[in-house]
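Student: Once you've had a glance at the structure underneath, I'll fire off some questions.
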Amino acid sequence: MSKIELTHIDKYYGKNHVLKDLNLTIEDGDFMTLLGPSGCGKTTTLRVVSGLEKPQNGIILMDGKEIVNAAEASFAPPSKRNLNLVFQSYALWPHMTVFDNVAFGLRIRKENNETIAKKVASALDRMQIGEFAKRYPTELSGGQQQRVAIARAIVSEPRLLLLDEPLSNLDAKLRVDMRAELKRLHHETGTTIIYVTHDQVEALTMSTRIALYRKGELVQVAPPLELYDNPVNLYTADFIGNPSINFVKGTAQVEAGGMRVDSPLGQLGFERGDMTEAAPQSGSVDVTIGVRPEQ
């Protein structure tokens with residue numbers, strides 16, 4: 001079990017307000033991707049959840065247990081949060097073999113050698129790098145090193161796995177292979193995963209849900225298809241999709257039965273049942289039509 005609830009989280013670096021009243025719930029077993037442009041607060045959210053950063057305001061619950069309460073200056077240390085973090089830079093010890101890198105956390109926990117050997121072998125096999133157990137990181141490719149870093153993270157069977165742009169240093173083909181590997185890993189283990197990326201292809205193909213950020217604020221949280229088909233605003237519509245959406249200006253006449261839009265595309269009709277509560281009830285309004293390339 002690992003359900004994470006972030007409530008009214010504020011994080012400042014000096015005068016820079018990085019996370020602005022963040023409210024996010026990550027359900028048990030989710031593959032939640034934090035998506036957005038550089039500097040929008042994705043990695044900061046990950047660091048706050050992991051305990052590497054302390055927010056100035058807000059509360060974080062893990063499975064109903066309070067791990068952060070900024071008002072009371074209560075912060076559970078990272079070691080008490082039953083999670084593991086995989087960095088963009090791999091962070092492997094160059095003087096240790098692959099086996100010893102993966103076994104490191106288990107030895108810190110003082111598990112016996114037989115248990116360590118079984119768990120490490122299982123983690124290496126799961127990441128399909130069992131034959132590299134006696135090699136050193138410098139003898140491996142970037143993709144193999146990343147697999148070692150992930151094996152080290154999953155060997156202790158954490159309830160929560162945090163991944164900070166783990167594939168950004170890999171070439172295009174390896175990235176595709178590792179996406180499939182991570183998706184398989186999530187399916188097999190059922191571990192809750194929080195994944196940070198600015199690559200929307202990764203987000204759309206791997207996630208069960210996506211949290212889209214903009215300048216420290218959450219814009220929309222939804223499954224990938226809903227984010228694509230029903231964006232809440234023009235920012236989401238424009239950010240999601242490659243090739244990007246086409247926008248056309250138009251004028252709408254709103255009546256009780258629905259809306260009629262005149263634009264360079266011709267006249268389009270929308271029934272009231274297809275409109276949200278935020279739509280005007282009557283009158284003439286300027287609108288923007290979004291047309292996906294495949295449409």
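Going by the structure tokens order, chains are called A, B, ..., each with residues numbered from 1, while ligands are numbered from 1 in the order shown.
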Pick out the residues sitting within 9 Å of range 230-247 of chain A, and hand them over as a CSV table (one decimal) with C-alpha atoms, in the first residue's frame; count only C-alpha atoms, and ignore anything fewer than 2 positions along from it in its own chain.
Tutor:
```csv
chain,number,residue,atom,x,y,z
A,36,GLY,CA,5.7,20.1,-17.6
A,200,GLN,CA,5.1,14.1,-23.2
A,201,VAL,CA,5.6,10.9,-25.3
A,204,LEU,CA,1.3,9.5,-22.5
A,212,LEU,CA,0.5,18.7,-15.7
A,214,ARG,CA,2.8,25.3,-15.1
A,219,VAL,CA,-3.1,22.7,-14.3
A,220,GLN,CA,-4.8,19.3,-14.8
A,225,LEU,CA,-6.4,10.0,-23.0
A,226,GLU,CA,-8.6,12.4,-21.0
A,227,LEU,CA,-5.8,14.9,-20.9
A,228,TYR,CA,-5.5,14.6,-24.7
A,249,LYS,CA,-10.7,31.8,-33.7
A,288,THR,CA,-11.2,29.2,-29.9
A,289,ILE,CA,-11.7,25.9,-31.7
A,290,GLY,CA,-9.0,23.2,-31.2
A,291,VAL,CA,-8.5,20.8,-34.0
A,292,ARG,CA,-6.1,17.8,-33.5
A,293,PRO,CA,-4.0,17.0,-36.6
```
Student: Which neighbours of Ala91 in chain A fall inside 9 Å, counting only C-alpha atoms, when residues of the same chain fewer than 4 positions from it are skipped, and could you give them as number ranges by chain?
Tutor: A: 86-87, 149
Student: What does the structure give for the distance between CA of Phe104 in chain A and CA of Ser156 in chain A, in Å to one decimal?
Tutor: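 Taking CA of Phe104 in chain A as the start and CA of Ser156 in chain A as the end point, the length is 10.1 Å.
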Student: Give me, as a PDB file with C-alpha atoms, in the first residue's frame, all polymer residues having an atom no more than 7 Å from Thr97 in chain A, counting only C-alpha atoms and skipping those fewer than 4 positions away in the same chain.
Tutor:
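Printed below is around25.pdb as written:
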```pdb
ATOM      1  CA  ASN A 101      25.810  -1.618  -5.868  1.00  0.00           C
ATOM      2  CA  ALA A 133      26.680  -8.909 -11.766  1.00  0.00           C
ATOM      3  CA  LYS A 134      30.497  -9.031 -11.495  1.00  0.00           C
ATOM      4  CA  ARG A 135      31.192  -6.038 -13.733  1.00  0.00           C
ATOM      5  CA  TYR A 136      31.903  -2.481 -12.622  1.00  0.00           C
ATOM      6  CA  PRO A 137      29.737   0.495 -13.713  1.00  0.00           C
TER       7      PRO A 137
END
```
Student: Assign secondary structure with DSSP using the backbone only, and return the residues of range 159-236 of chain A in strand (DSSP E) as a ChimeraX atom specification.
Tutor: /A:160-164,192-197,209-214,217-222
Student: Give me a file of those residues, with C-alpha atoms, as a compact mmCIF listing (two decimals), in the first residue's frame.
Tutor:
```txt
# COMPACT_ATOMS: atom_id res chain seq x y z
CA LEU A 160 6.96 3.97 -3.47
CA LEU A 161 9.42 4.43 -6.35
CA LEU A 162 10.44 7.96 -7.39
CA LEU A 163 12.04 8.40 -10.83
CA ASP A 164 13.58 11.77 -11.75
CA THR A 192 3.29 3.12 -6.74
CA ILE A 193 5.54 5.11 -9.10
CA ILE A 194 6.01 8.88 -9.35
CA TYR A 195 7.83 9.73 -12.56
CA VAL A 196 9.21 13.15 -13.53
CA THR A 197 9.67 14.07 -17.20
CA ARG A 209 -2.40 9.40 -14.64
CA ILE A 210 -0.57 12.61 -15.51
CA ALA A 211 -0.19 15.77 -13.41
CA LEU A 212 0.50 18.72 -15.73
CA TYR A 213 2.37 21.67 -14.19
CA ARG A 214 2.78 25.30 -15.13
CA GLU A 217 0.88 25.19 -10.16
CA LEU A 218 -1.12 22.12 -11.16
CA VAL A 219 -3.09 22.73 -14.35
CA GLN A 220 -4.81 19.35 -14.76
CA VAL A 221 -4.57 15.82 -13.32
CA ALA A 222 -6.11 13.09 -15.48
```
Student: Using only C-alpha atoms, which residue out of A:Met275, A:Leu83, A:Ala172, A:Leu35 lies closest to Met259 in chain A?
Tutor: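 Among the listed residues, the smallest separation from Met259 in chain A belongs to A:Met275.
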Student: List the spatial neighbours of Ala121 in chain A as a ChimeraX atom specification - criterion: any atom at most 10 Å away, only C-alpha atoms, same-chain residues fewer than 6 positions off excluded.
Tutor: /A:99,102-103,115,127,129-131,133,151,155
Student: Could you tell me how far CA of Met32 in chain A lies from CA of Ala153 in chain A, in Å and to one decimal?
Tutor: 17.2 Å
Student: Which distance in Å separates CA of Pro166 in chain A and CA of Asp21 in chain A, to one decimal?
Tutor: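 The value is 26.9 Å.
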Student: Would you please work out which residue, of A:Leu19, A:Leu85, A:Met96, A:Leu174, is nearest to Gly51 in chain A when using only C-alpha atoms?
Tutor: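 Using only C-alpha atoms, the shortest distance to Gly51 in chain A belongs to A:Leu85.
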Student: Calculated over only C-alpha atoms, which of the candidates A:Asp229, A:Asp262, A:Arg175, A:Ser2 has the smallest distance to Pro158 in chain A?
Tutor: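 That would be A:Ser2, the residue with the smallest distance to Pro158 in chain A.
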Student: List the neighbours of Met178 in chain A out to 10 Å using only C-alpha atoms; skip same-chain residues closer than 2 positions along the sequence, and give me the result as JSON, numbers by chain.
Tutor: {"A": [127, 143, 146, 147, 166, 167, 170, 173, 174, 175, 176, 180, 181, 182, 183, 184]}
